[in-house]
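The next block is query.txt, given as compact mmCIF, N, CA, C and O atoms.
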# COMPACT_ATOMS: atom_id res chain seq x y z
N MET A 1 0.84 -1.18 0.00
CA MET A 1 0.00 0.00 0.00
C MET A 1 0.89 1.25 0.00
O MET A 1 1.89 1.31 0.70
N TYR A 2 0.50 2.22 -0.77
CA TYR A 2 1.26 3.46 -0.87
C TYR A 2 0.92 4.37 0.30
O TYR A 2 -0.24 4.52 0.66
N GLU A 3 1.95 4.97 0.89
CA GLU A 3 1.72 5.93 1.97
C GLU A 3 2.19 7.31 1.50
O GLU A 3 3.26 7.45 0.92
N TRP A 4 1.35 8.32 1.76
CA TRP A 4 1.69 9.68 1.39
C TRP A 4 2.80 10.21 2.29
O TRP A 4 2.85 9.90 3.48
N THR A 5 3.66 11.05 1.73
CA THR A 5 4.67 11.72 2.54
C THR A 5 3.99 12.79 3.38
O THR A 5 2.81 13.11 3.18
N GLU A 6 4.72 13.38 4.31
CA GLU A 6 4.15 14.45 5.13
C GLU A 6 3.74 15.64 4.26
O GLU A 6 2.68 16.24 4.49
N GLU A 7 4.55 15.96 3.27
CA GLU A 7 4.23 17.07 2.38
C GLU A 7 2.96 16.77 1.58
O GLU A 7 2.08 17.63 1.45
N GLN A 8 2.85 15.56 1.08
CA GLN A 8 1.66 15.18 0.33
C GLN A 8 0.42 15.15 1.22
O GLN A 8 -0.66 15.55 0.80
N GLN A 9 0.58 14.71 2.46
CA GLN A 9 -0.55 14.71 3.39
C GLN A 9 -1.01 16.14 3.69
O GLN A 9 -2.20 16.40 3.81
N ALA A 10 -0.05 17.07 3.77
CA ALA A 10 -0.41 18.48 3.97
C ALA A 10 -1.21 19.01 2.78
O ALA A 10 -2.18 19.76 2.95
N ILE A 11 -0.83 18.59 1.58
CA ILE A 11 -1.57 19.00 0.38
C ILE A 11 -2.99 18.44 0.43
O ILE A 11 -3.95 19.14 0.14
N ILE A 12 -3.12 17.19 0.83
CA ILE A 12 -4.44 16.57 0.96
C ILE A 12 -5.30 17.39 1.91
O ILE A 12 -6.46 17.70 1.61
N ASP A 13 -4.74 17.74 3.06
CA ASP A 13 -5.51 18.50 4.06
C ASP A 13 -5.96 19.85 3.53
O ASP A 13 -7.12 20.24 3.73
N VAL A 14 -5.08 20.55 2.84
CA VAL A 14 -5.41 21.89 2.34
C VAL A 14 -6.46 21.81 1.23
O VAL A 14 -7.43 22.56 1.23
N VAL A 15 -6.29 20.88 0.30
CA VAL A 15 -7.26 20.74 -0.80
C VAL A 15 -8.60 20.29 -0.24
O VAL A 15 -9.65 20.80 -0.64
N ARG A 16 -8.59 19.35 0.68
CA ARG A 16 -9.84 18.86 1.28
C ARG A 16 -10.57 19.99 1.99
O ARG A 16 -11.79 20.13 1.89
N ARG A 17 -9.83 20.84 2.72
CA ARG A 17 -10.45 21.97 3.41
C ARG A 17 -11.07 22.94 2.40
O ARG A 17 -12.18 23.42 2.60
N PHE A 18 -10.36 23.21 1.30
CA PHE A 18 -10.90 24.09 0.27
C PHE A 18 -12.19 23.52 -0.31
O PHE A 18 -13.18 24.24 -0.46
N VAL A 19 -12.18 22.25 -0.62
CA VAL A 19 -13.38 21.60 -1.18
C VAL A 19 -14.54 21.69 -0.18
O VAL A 19 -15.66 22.05 -0.55
N ASP A 20 -14.26 21.38 1.09
CA ASP A 20 -15.32 21.40 2.11
C ASP A 20 -15.87 22.80 2.36
O ASP A 20 -17.06 22.96 2.60
N GLU A 21 -15.01 23.82 2.28
CA GLU A 21 -15.45 25.18 2.59
C GLU A 21 -15.98 25.95 1.38
O GLU A 21 -16.87 26.79 1.53
N GLU A 22 -15.44 25.69 0.20
CA GLU A 22 -15.78 26.51 -0.96
C GLU A 22 -16.68 25.80 -1.99
O GLU A 22 -17.48 26.45 -2.64
N ILE A 23 -16.52 24.51 -2.14
CA ILE A 23 -17.26 23.81 -3.20
C ILE A 23 -18.51 23.12 -2.66
O ILE A 23 -19.60 23.30 -3.21
N ARG A 24 -18.38 22.34 -1.60
CA ARG A 24 -19.53 21.59 -1.07
C ARG A 24 -20.75 22.46 -0.76
O ARG A 24 -21.86 22.07 -1.10
N PRO A 25 -20.58 23.62 -0.13
CA PRO A 25 -21.77 24.43 0.18
C PRO A 25 -22.53 24.88 -1.08
O PRO A 25 -23.70 25.20 -1.01
N GLN A 26 -21.86 24.89 -2.22
CA GLN A 26 -22.50 25.37 -3.45
C GLN A 26 -22.74 24.25 -4.45
O GLN A 26 -23.08 24.51 -5.61
N LEU A 27 -22.57 23.02 -4.03
CA LEU A 27 -22.64 21.89 -4.94
C LEU A 27 -23.99 21.77 -5.66
O LEU A 27 -24.03 21.56 -6.87
N ASP A 28 -25.09 21.93 -4.94
CA ASP A 28 -26.41 21.83 -5.59
C ASP A 28 -26.58 22.91 -6.65
O ASP A 28 -27.08 22.63 -7.74
N ASP A 29 -26.17 24.14 -6.33
CA ASP A 29 -26.28 25.22 -7.32
C ASP A 29 -25.39 24.95 -8.53
O ASP A 29 -25.78 25.20 -9.67
N LEU A 30 -24.21 24.41 -8.29
CA LEU A 30 -23.30 24.10 -9.39
C LEU A 30 -23.85 22.99 -10.28
O LEU A 30 -23.79 23.07 -11.50
N GLU A 31 -24.38 21.95 -9.65
CA GLU A 31 -24.83 20.78 -10.41
C GLU A 31 -26.22 20.92 -11.00
O GLU A 31 -26.49 20.39 -12.07
N HIS A 32 -27.12 21.63 -10.30
CA HIS A 32 -28.53 21.59 -10.72
C HIS A 32 -29.14 22.94 -11.07
O HIS A 32 -30.20 22.98 -11.70
N ASN A 33 -28.52 24.02 -10.65
CA ASN A 33 -29.14 25.32 -10.86
C ASN A 33 -28.37 26.23 -11.82
O ASN A 33 -28.62 27.43 -11.86
N GLY A 34 -27.46 25.67 -12.55
CA GLY A 34 -26.77 26.43 -13.58
C GLY A 34 -25.76 27.44 -13.09
O GLY A 34 -25.38 28.35 -13.83
N MET A 35 -25.32 27.32 -11.86
CA MET A 35 -24.32 28.26 -11.35
C MET A 35 -22.99 28.02 -12.07
O MET A 35 -22.48 26.90 -12.08
N PRO A 36 -22.41 29.04 -12.69
CA PRO A 36 -21.12 28.85 -13.34
C PRO A 36 -20.01 28.71 -12.29
O PRO A 36 -20.04 29.36 -11.25
N PRO A 37 -19.04 27.86 -12.54
CA PRO A 37 -17.99 27.59 -11.55
C PRO A 37 -16.84 28.59 -11.56
O PRO A 37 -15.89 28.43 -10.81
N TYR A 38 -16.94 29.63 -12.36
CA TYR A 38 -15.78 30.51 -12.60
C TYR A 38 -15.26 31.20 -11.34
O TYR A 38 -14.05 31.30 -11.15
N ALA A 39 -16.13 31.66 -10.48
CA ALA A 39 -15.68 32.34 -9.26
C ALA A 39 -14.91 31.37 -8.36
O ALA A 39 -13.87 31.73 -7.78
N ILE A 40 -15.39 30.14 -8.26
CA ILE A 40 -14.69 29.14 -7.45
C ILE A 40 -13.35 28.80 -8.08
O ILE A 40 -12.34 28.67 -7.38
N LEU A 41 -13.32 28.65 -9.38
CA LEU A 41 -12.06 28.34 -10.06
C LEU A 41 -11.05 29.47 -9.88
O LEU A 41 -9.86 29.20 -9.65
N ARG A 42 -11.50 30.72 -9.99
CA ARG A 42 -10.60 31.85 -9.78
C ARG A 42 -10.02 31.83 -8.37
O ARG A 42 -8.83 32.06 -8.17
N LYS A 43 -10.90 31.56 -7.41
CA LYS A 43 -10.44 31.51 -6.01
C LYS A 43 -9.45 30.36 -5.82
O LYS A 43 -8.44 30.50 -5.14
N MET A 44 -9.72 29.22 -6.44
CA MET A 44 -8.82 28.09 -6.33
C MET A 44 -7.45 28.43 -6.94
O MET A 44 -6.41 28.13 -6.36
N TYR A 45 -7.45 29.09 -8.08
CA TYR A 45 -6.19 29.51 -8.70
C TYR A 45 -5.43 30.47 -7.79
O TYR A 45 -4.22 30.38 -7.66
N ASP A 46 -6.15 31.38 -7.15
CA ASP A 46 -5.50 32.34 -6.24
C ASP A 46 -4.97 31.65 -4.98
O ASP A 46 -3.82 31.87 -4.59
N VAL A 47 -5.79 30.82 -4.36
CA VAL A 47 -5.41 30.17 -3.10
C VAL A 47 -4.20 29.26 -3.28
O VAL A 47 -3.29 29.24 -2.46
N PHE A 48 -4.17 28.51 -4.37
CA PHE A 48 -3.11 27.53 -4.57
C PHE A 48 -1.97 28.02 -5.46
O PHE A 48 -1.07 27.26 -5.80
N GLY A 49 -1.99 29.29 -5.85
CA GLY A 49 -0.90 29.85 -6.65
C GLY A 49 -0.83 29.27 -8.05
O GLY A 49 0.24 29.22 -8.65
N LEU A 50 -1.96 28.85 -8.60
CA LEU A 50 -1.96 28.21 -9.91
C LEU A 50 -1.71 29.20 -11.05
O LEU A 50 -1.24 28.79 -12.11
N LYS A 51 -2.03 30.47 -10.85
CA LYS A 51 -1.76 31.46 -11.90
C LYS A 51 -0.26 31.52 -12.19
O LYS A 51 0.17 31.48 -13.32
N ARG A 52 0.51 31.59 -11.12
CA ARG A 52 1.96 31.67 -11.26
C ARG A 52 2.50 30.38 -11.88
O ARG A 52 3.34 30.40 -12.75
N TRP A 53 1.98 29.24 -11.41
CA TRP A 53 2.42 27.96 -11.94
C TRP A 53 2.08 27.83 -13.42
O TRP A 53 2.89 27.36 -14.22
N ARG A 54 0.88 28.27 -13.81
CA ARG A 54 0.45 28.16 -15.21
C ARG A 54 1.34 29.00 -16.12
O ARG A 54 1.72 28.56 -17.21
N ARG A 55 1.68 30.21 -15.68
CA ARG A 55 2.57 31.04 -16.49
C ARG A 55 3.92 30.37 -16.66
O ARG A 55 4.48 30.34 -17.75
N ARG A 56 4.45 29.79 -15.58
CA ARG A 56 5.74 29.11 -15.65
C ARG A 56 5.66 27.89 -16.56
O ARG A 56 6.55 27.63 -17.35
N ALA A 57 4.55 27.14 -16.47
CA ALA A 57 4.38 25.96 -17.31
C ALA A 57 4.27 26.34 -18.78
O ALA A 57 4.80 25.64 -19.64
N SER A 58 3.61 27.45 -19.07
CA SER A 58 3.49 27.90 -20.46
C SER A 58 4.86 28.25 -21.03
O SER A 58 5.19 27.88 -22.15
N ARG A 59 5.64 28.96 -20.24
CA ARG A 59 7.00 29.30 -20.70
C ARG A 59 7.83 28.06 -20.89
O ARG A 59 8.58 27.94 -21.86
N ALA A 60 7.70 27.11 -19.99
CA ALA A 60 8.48 25.88 -20.07
C ALA A 60 8.12 25.08 -21.31
O ALA A 60 8.99 24.46 -21.93
N SER A 61 6.85 25.08 -21.70
CA SER A 61 6.46 24.31 -22.88
C SER A 61 7.10 24.86 -24.14
O SER A 61 7.42 24.11 -25.06
N TRP A 62 7.33 26.16 -24.17
CA TRP A 62 8.00 26.76 -25.33
C TRP A 62 9.46 26.35 -25.38
O TRP A 62 10.06 26.25 -26.44
N ASN A 63 10.06 26.08 -24.23
CA ASN A 63 11.47 25.74 -24.16
C ASN A 63 11.70 24.24 -23.99
O ASN A 63 12.82 23.82 -23.69
N ALA A 64 10.68 23.44 -24.21
CA ALA A 64 10.77 22.00 -23.92
C ALA A 64 11.88 21.31 -24.70
O ALA A 64 12.54 20.42 -24.18
N ARG A 65 12.11 21.70 -25.92
CA ARG A 65 13.12 21.02 -26.72
C ARG A 65 14.53 21.27 -26.22
O ARG A 65 15.41 20.44 -26.40
N SER A 66 14.74 22.41 -25.61
CA SER A 66 16.08 22.73 -25.15
C SER A 66 16.34 22.29 -23.71
O SER A 66 17.44 22.43 -23.21
N ARG A 67 15.32 21.73 -23.06
CA ARG A 67 15.48 21.31 -21.67
C ARG A 67 16.21 19.99 -21.56
O ARG A 67 16.07 19.11 -22.40
N VAL A 68 16.96 19.83 -20.50
CA VAL A 68 17.65 18.58 -20.24
C VAL A 68 16.68 17.65 -19.51
O VAL A 68 16.05 18.04 -18.54
N ARG A 69 16.58 16.43 -19.97
CA ARG A 69 15.58 15.50 -19.45
C ARG A 69 15.83 15.06 -18.00
O ARG A 69 14.90 14.82 -17.26
N ASN A 70 17.05 14.90 -17.59
CA ASN A 70 17.33 14.29 -16.29
C ASN A 70 17.65 15.29 -15.19
O ASN A 70 18.28 14.93 -14.21
N ARG A 71 17.24 16.51 -15.33
CA ARG A 71 17.51 17.46 -14.26
C ARG A 71 16.49 17.29 -13.14
O ARG A 71 15.40 16.76 -13.34
N PRO A 72 16.82 17.76 -11.93
CA PRO A 72 15.88 17.60 -10.80
C PRO A 72 14.57 18.33 -11.05
O PRO A 72 14.51 19.32 -11.76
N ARG A 73 13.52 17.80 -10.43
CA ARG A 73 12.20 18.42 -10.56
C ARG A 73 12.16 19.76 -9.86
O ARG A 73 12.77 19.94 -8.82
N GLU A 74 11.37 20.65 -10.42
CA GLU A 74 11.14 21.95 -9.78
C GLU A 74 10.09 21.77 -8.69
O GLU A 74 9.26 20.88 -8.77
N PRO A 75 10.10 22.65 -7.67
CA PRO A 75 9.05 22.57 -6.65
C PRO A 75 7.68 22.69 -7.29
O PRO A 75 7.48 23.45 -8.23
N GLY A 76 6.74 21.90 -6.79
CA GLY A 76 5.38 21.96 -7.31
C GLY A 76 5.16 21.05 -8.50
O GLY A 76 4.07 21.03 -9.06
N SER A 77 6.19 20.30 -8.91
CA SER A 77 6.01 19.44 -10.07
C SER A 77 5.85 17.98 -9.70
O SER A 77 6.01 17.10 -10.51
N ASP A 78 5.53 17.70 -8.46
CA ASP A 78 5.33 16.34 -7.97
C ASP A 78 4.06 15.76 -8.59
O ASP A 78 2.96 16.25 -8.35
N PRO A 79 4.18 14.70 -9.39
CA PRO A 79 2.98 14.11 -10.00
C PRO A 79 1.95 13.64 -8.97
O PRO A 79 0.76 13.71 -9.21
N ALA A 80 2.44 13.17 -7.82
CA ALA A 80 1.51 12.73 -6.77
C ALA A 80 0.67 13.89 -6.27
O ALA A 80 -0.52 13.74 -5.99
N ALA A 81 1.26 15.08 -6.16
CA ALA A 81 0.51 16.26 -5.71
C ALA A 81 -0.59 16.60 -6.71
O ALA A 81 -1.70 16.98 -6.31
N GLN A 82 -0.31 16.45 -7.98
CA GLN A 82 -1.33 16.70 -9.00
C GLN A 82 -2.44 15.66 -8.89
O GLN A 82 -3.62 15.98 -9.01
N LEU A 83 -2.08 14.42 -8.63
CA LEU A 83 -3.07 13.36 -8.47
C LEU A 83 -3.93 13.60 -7.23
O LEU A 83 -5.14 13.40 -7.26
N ILE A 84 -3.31 14.06 -6.15
CA ILE A 84 -4.03 14.34 -4.91
C ILE A 84 -5.13 15.36 -5.16
O ILE A 84 -6.25 15.20 -4.70
N SER A 85 -4.82 16.42 -5.89
CA SER A 85 -5.82 17.45 -6.19
C SER A 85 -7.01 16.84 -6.91
O SER A 85 -8.17 17.14 -6.58
N THR A 86 -6.73 16.01 -7.89
CA THR A 86 -7.81 15.38 -8.64
C THR A 86 -8.64 14.46 -7.75
O THR A 86 -9.88 14.50 -7.79
N ILE A 87 -7.99 13.67 -6.92
CA ILE A 87 -8.70 12.77 -6.01
C ILE A 87 -9.63 13.57 -5.08
O ILE A 87 -10.81 13.21 -4.92
N GLU A 88 -9.11 14.62 -4.50
CA GLU A 88 -9.90 15.39 -3.53
C GLU A 88 -11.04 16.15 -4.19
O GLU A 88 -12.11 16.29 -3.61
N LEU A 89 -10.84 16.64 -5.41
CA LEU A 89 -11.92 17.34 -6.10
C LEU A 89 -13.03 16.38 -6.51
O LEU A 89 -14.20 16.77 -6.60
N CYS A 90 -12.69 15.12 -6.75
CA CYS A 90 -13.69 14.14 -7.19
C CYS A 90 -14.33 13.39 -6.02
O CYS A 90 -15.29 12.67 -6.22
N ARG A 91 -13.85 13.60 -4.85
CA ARG A 91 -14.33 12.87 -3.66
C ARG A 91 -15.77 13.18 -3.36
O ARG A 91 -16.36 14.13 -3.56
Output the file's structure in the form of structure tokens.
Amino acid sequence: MYEWTEEQQAIIDVVRRFVDEEIRPQLDDLEHNGMPPYAILRKMYDVFGLKRWRRRASRASWNARSRVRNRPREPGSDPAAQLISTIELCR
């Protein structure tokens, strides 16, 4: 069985708290009453620093051919952390 690291567990806690506080209270409106999710998505991008990450990822994609494949990962590029976000949003 896979065990999350302390850092990954902290990510789980933060994402779960965001879902419980920001998404769950509005779930019926989102699913059944046509409420657009844009305000929640904007807040999620702000809270988790995704705007900054997206800009960096866009720049990196332009330079992908010149990048060295075996260099260390940058902070925030943990595939497990990305998976955790998906798991918690779908919970």
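Relative to atom N of Glu3 in chain A, atom N of Val47 in chain A is found at 27.5 Å.
By all atoms listed in the file, and with residues fewer than 6 positions from range 14-30 of chain A along its chain excluded, the set lying at most 7 Å from it is Gln8, Pro36, Pro37, Ile40, Ile84, Ser85, Glu88 and Leu89 of chain A.
Once only C-alpha atoms are considered, the residues situated within 12 Å of the file point (4.2, 16.6, 0.3) turn out to be Glu3, Trp4, Thr5, Glu6, Glu7, Gln8, Gln9, Ala10, Ile11, Ile12, Asp13, Val14, Pro75, Gly76, Ser77, Asp78, Pro79, Ala80, Ala81, Gln82, Leu83, Ile84 and Ser85 of chain A.
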Give me a file of those residues, with N, CA, C and O atoms, as a short mmCIF file (atom, residue, chain, number, x, y, z; two decimals), in the coordinates of the input.
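Okay, selection.cif is ready:
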data_model
loop_
_atom_site.label_atom_id
_atom_site.label_comp_id
_atom_site.auth_asym_id
_atom_site.auth_seq_id
_atom_site.Cartn_x
_atom_site.Cartn_y
_atom_site.Cartn_z
N GLU A 3 1.95 4.97 0.89
CA GLU A 3 1.72 5.93 1.97
C GLU A 3 2.19 7.31 1.50
O GLU A 3 3.26 7.45 0.92
N TRP A 4 1.35 8.32 1.76
CA TRP A 4 1.69 9.68 1.39
C TRP A 4 2.80 10.21 2.29
O TRP A 4 2.85 9.90 3.48
N THR A 5 3.66 11.05 1.73
CA THR A 5 4.67 11.72 2.54
C THR A 5 3.99 12.79 3.38
O THR A 5 2.81 13.11 3.18
N GLU A 6 4.72 13.38 4.31
CA GLU A 6 4.15 14.45 5.13
C GLU A 6 3.74 15.64 4.26
O GLU A 6 2.68 16.24 4.49
N GLU A 7 4.55 15.96 3.27
CA GLU A 7 4.23 17.07 2.38
C GLU A 7 2.96 16.77 1.58
O GLU A 7 2.08 17.63 1.45
N GLN A 8 2.85 15.56 1.08
CA GLN A 8 1.66 15.18 0.33
C GLN A 8 0.42 15.15 1.22
O GLN A 8 -0.66 15.55 0.80
N GLN A 9 0.58 14.71 2.46
CA GLN A 9 -0.55 14.71 3.39
C GLN A 9 -1.01 16.14 3.69
O GLN A 9 -2.20 16.40 3.81
N ALA A 10 -0.05 17.07 3.77
CA ALA A 10 -0.41 18.48 3.97
C ALA A 10 -1.21 19.01 2.78
O ALA A 10 -2.18 19.76 2.95
N ILE A 11 -0.83 18.59 1.58
CA ILE A 11 -1.57 19.00 0.38
C ILE A 11 -2.99 18.44 0.43
O ILE A 11 -3.95 19.14 0.14
N ILE A 12 -3.12 17.19 0.83
CA ILE A 12 -4.44 16.57 0.96
C ILE A 12 -5.30 17.39 1.91
O ILE A 12 -6.46 17.70 1.61
N ASP A 13 -4.74 17.74 3.06
CA ASP A 13 -5.51 18.50 4.06
C ASP A 13 -5.96 19.85 3.53
O ASP A 13 -7.12 20.24 3.73
N VAL A 14 -5.08 20.55 2.84
CA VAL A 14 -5.41 21.89 2.34
C VAL A 14 -6.46 21.81 1.23
O VAL A 14 -7.43 22.56 1.23
N PRO A 75 10.10 22.65 -7.67
CA PRO A 75 9.05 22.57 -6.65
C PRO A 75 7.68 22.69 -7.29
O PRO A 75 7.48 23.45 -8.23
N GLY A 76 6.74 21.90 -6.79
CA GLY A 76 5.38 21.96 -7.31
C GLY A 76 5.16 21.05 -8.50
O GLY A 76 4.07 21.03 -9.06
N SER A 77 6.19 20.30 -8.91
CA SER A 77 6.01 19.44 -10.07
C SER A 77 5.85 17.98 -9.70
O SER A 77 6.01 17.10 -10.51
N ASP A 78 5.53 17.70 -8.46
CA ASP A 78 5.33 16.34 -7.97
C ASP A 78 4.06 15.76 -8.59
O ASP A 78 2.96 16.25 -8.35
N PRO A 79 4.18 14.70 -9.39
CA PRO A 79 2.98 14.11 -10.00
C PRO A 79 1.95 13.64 -8.97
O PRO A 79 0.76 13.71 -9.21
N ALA A 80 2.44 13.17 -7.82
CA ALA A 80 1.51 12.73 -6.77
C ALA A 80 0.67 13.89 -6.27
O ALA A 80 -0.52 13.74 -5.99
N ALA A 81 1.26 15.08 -6.16
CA ALA A 81 0.51 16.26 -5.71
C ALA A 81 -0.59 16.60 -6.71
O ALA A 81 -1.70 16.98 -6.31
N GLN A 82 -0.31 16.45 -7.98
CA GLN A 82 -1.33 16.70 -9.00
C GLN A 82 -2.44 15.66 -8.89
O GLN A 82 -3.62 15.98 -9.01
N LEU A 83 -2.08 14.42 -8.63
CA LEU A 83 -3.07 13.36 -8.47
C LEU A 83 -3.93 13.60 -7.23
O LEU A 83 -5.14 13.40 -7.26
N ILE A 84 -3.31 14.06 -6.15
CA ILE A 84 -4.03 14.34 -4.91
C ILE A 84 -5.13 15.36 -5.16
O ILE A 84 -6.25 15.20 -4.70
N SER A 85 -4.82 16.42 -5.89
CA SER A 85 -5.82 17.45 -6.19
C SER A 85 -7.01 16.84 -6.91
O SER A 85 -8.17 17.14 -6.58
#
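Here atom C of Tyr2 in chain A and atom C of Cys90 in chain A stand 18.8 Å from one another.
With atom N of Glu31 in chain A on one side and CA of Thr86 in chain A on the other, the separation reads 17.9 Å.
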Around all of range 81-89 of chain A's listed atoms, make the axis-aligned box with 3 Å on each side and tell me centre and edge lengths in Å to one decimal, as AutoDock Vina command-line options.
--center_x -6.5 --center_y 15.1 --center_z -6.3 --size_x 21.5 --size_y 10.7 --size_z 11.5
